[in-house]
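Colleague: Handing you a structure now.
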Amino acid sequence: MTTTKQLHDHFASVFASIAAGAVERERERALPVAEVRALAEAGFGRVRLPEAAGGFGATVPQLAALLVELAAADSNVAQIWRGHIAFVEDVLVSRHSDFRARWLARLAEGAVVGNAWSEIGSVERGQLGTKIDFVGDAASVTGEKFYMTGSIYADYSDTTVQADDGTQYIAVVPLDQDSVTISDDWDGFGQQLTGTGTIVYSGAAVERADVIPFDDRFAYQTAFYQLVLLATHAGIARTVLRDASSAVAARERTYSHGNADRVRDDPQILQAVGEIGATSFAADALVQRVAESIEHAYQTAAAVRGGLGGDDSVAAAQAAVVASELDSARAQVTLSRLVPEAATRLFDALGASGVRASAAHDRHWRNARTVASHNPWLYKARTVGDFEVSGTEPAYQWVIGTVTRQATATAPVS
């Protein structure tokens with residue numbers, strides 16, 4: 001098995017190149033197309049694939065450690081890979097053997113998969129406006145998605161669709177066709193380079209073999225998707241610490257009402273940097289803790305797929321899913337507050353010079369706050385509390401949309 005050091009060494013030069021251009025890309029709003037492609041060519045998309053299938057055979061904790069390092073180089077790029085990484089995980093434990101073999105081969109060849117699940121507007125909660133029609137061994141997809149992170153950089157998009165009978169599926173749609181239009185119209189104030197915009201399918205062709213029931217997706221997917229965001233937060237915290245430490249060490253001007261003649265000797269400034277460092281430490285630790293929990297969920301799911309252990313293995317797999325979801329929620333509640341706060345403390349340590357646009361330090365707070373807005377943490381806090389008090393299992397798939405309210409007839413007042 002590939003060691004963690006070997007993995008880090010393998011991707012070190014690509015990560016360094018990504019980091020070198022991060023600030024300029026942020027200023028220019030230049031999409032990291034070349035950077036994503038360089039990662040794909042280096043094999044980042046097959047990190048979790050078994051070595052026998054052409055991958056590195058990395059564990060979930062090893063993958064998480066790489067993601068934190070990548071996010072420290074550029075948090076946009078780490079999030080871009082979120083859909084691909086989750087799709088790979090689904091392939092690894094899929095009970096659809098033909099689908100699994102088909103996609104292990106494509107992924108080993110370097111295919112990059114984006115994500116297109118969310119729809120905006122007046123879509124009824126739990127329903128999908130994006131439709132699929134089957135004709136023999138082929139199918140076509142029609143509809144519009146938003147928040148399609150990563151698809152603008154990808155070869156395929158992992159797309160949720162609904163048939164006329166209401167059944168929902170995952171369709172892995174090839175993106176290199178005229179019936180697919182992708183727009184970089186994401187207007188969030190943070191994570192601006194993730195390509196989290198709009199994709200429109202106008203009868204896009206997809207092979208029937210690349211469509212599977214949504215209910216067959218891997219059970220621990222919600223925790224897994226959240227792990228990528230947690231790693232992104234940890235990477236942001238690591239870069240905030242780096243920027244704060246280097247700027248304080250280099251600063252010569254100090255205030256007359258400060259506590260020392262050099263900023264690096266001022267105990268209050270050192271406290272601020274220390275608090276940022278503590279957040280970075282906590283973020284790294286939480287990411288690894290959640291990754292270990294998800295690794296256990298993967299191992300138990302793989303045992304079920306392999307037919308090992310009977311009913312005991314099914315029970316163990318379910319318990320592992322519950323644990324991974326709760327662990328990811330606890331970490332999300334914590335980091336969603338700590339990392340944006342650390343990005344703010346950076347300015348306490350640097351003073352007015354820290355807010356100059358040329359430094360681009362504002363990107364840390366904007367990006368951290370944006371990451372924290374995915375899957376609102378306050379609902380996750382309630383879920384954790386409900387489990388702690390009543391033992392209520394969390395939900396494993398979140399949906400969003402409108403709710404139609406039926407008018408209630410009332411008797412006239414006489």
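Naming works like this for the structure tokens: A, B, ... for the chains as they're shown, residue 1 at the start of each chain, ligands 1 onward in shown order.
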Give me the residues near range 210-214 of chain A as a list in words, where near means some atom within 8 Å (using only C-alpha atoms) and where sequence neighbours in that chain fewer than 6 positions away do not count.
Modeller: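 My reading of the contact set: Phe99, Thr160, Thr167, Gln168, Tyr169, Ile170, Ala171, Val172 and Val173 of chain A.
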Colleague: Can you list every residue in range 54-191 of chain A that DSSP puts in strand (DSSP E or B), as a PyMOL selection string?
Modeller: chain A and resi 113-116+124+131-135+138-145+156-162+168-174+180-183
Colleague: Using only C-alpha atoms, which residue out of A:Arg251, A:Arg208, A:Arg330, A:Arg100 lies closest to Thr383 in chain A?
Modeller: A:Arg330
Colleague: Measuring between only C-alpha atoms, which one of A:Ala38, A:Val206, A:Val77, A:Ile132 shows the shortest distance to Arg25 in chain A?
Modeller: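 Closest candidate: A:Val77.
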Colleague: Counting only C-alpha atoms, figure out which residue out of A:Arg217, A:Arg345, A:Arg242, A:Arg289 gets nearest to Ala272 in chain A.
Modeller: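 The answer is A:Arg345, which sits nearest to Ala272 in chain A.
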Colleague: If DSSP is run on the backbone, what residues of range 47-115 of chain A are helix (DSSP H, G or I)? A reply as a VMD selection string would be ideal.
Modeller: chain A and resid 51 to 53 60 to 73 75 to 80 82 to 93 97 to 108
Colleague: If we count only C-alpha atoms and set the cut-off at 8 Å, which residues sit around Thr181 in chain A, ignoring sequence neighbours fewer than 6 positions away in its own chain? Please answer as a PyMOL selection string.
Modeller: chain A and resi 199-201
Colleague: Just to be explicit: take each residue in the selection above, keep N, CA, C and O atoms, and write the result as a CSV table (one decimal), in the first residue's frame.
Modeller:
```csv
chain,number,residue,atom,x,y,z
A,199,ILE,N,-25.7,24.4,-15.2
A,199,ILE,CA,-25.6,23.4,-16.3
A,199,ILE,C,-27.0,23.2,-16.8
A,199,ILE,O,-27.9,22.9,-16.0
A,200,VAL,N,-27.1,23.2,-18.1
A,200,VAL,CA,-28.4,23.0,-18.8
A,200,VAL,C,-28.3,21.8,-19.7
A,200,VAL,O,-27.4,21.7,-20.5
A,201,TYR,N,-29.2,20.8,-19.5
A,201,TYR,CA,-29.2,19.6,-20.4
A,201,TYR,C,-30.4,19.8,-21.3
A,201,TYR,O,-31.5,19.9,-20.9
```
Colleague: Nearest residue to Leu335 in chain A out of A:Ala86, A:Ile294, A:Ala234, A:Val263, using only C-alpha atoms?
Modeller: A:Ala234
Colleague: Within 9 Å of Leu31 in chain A, counting only C-alpha atoms, which residues qualify if same-chain residues fewer than 5 places away don't, as a count of residues only?
Modeller: 6
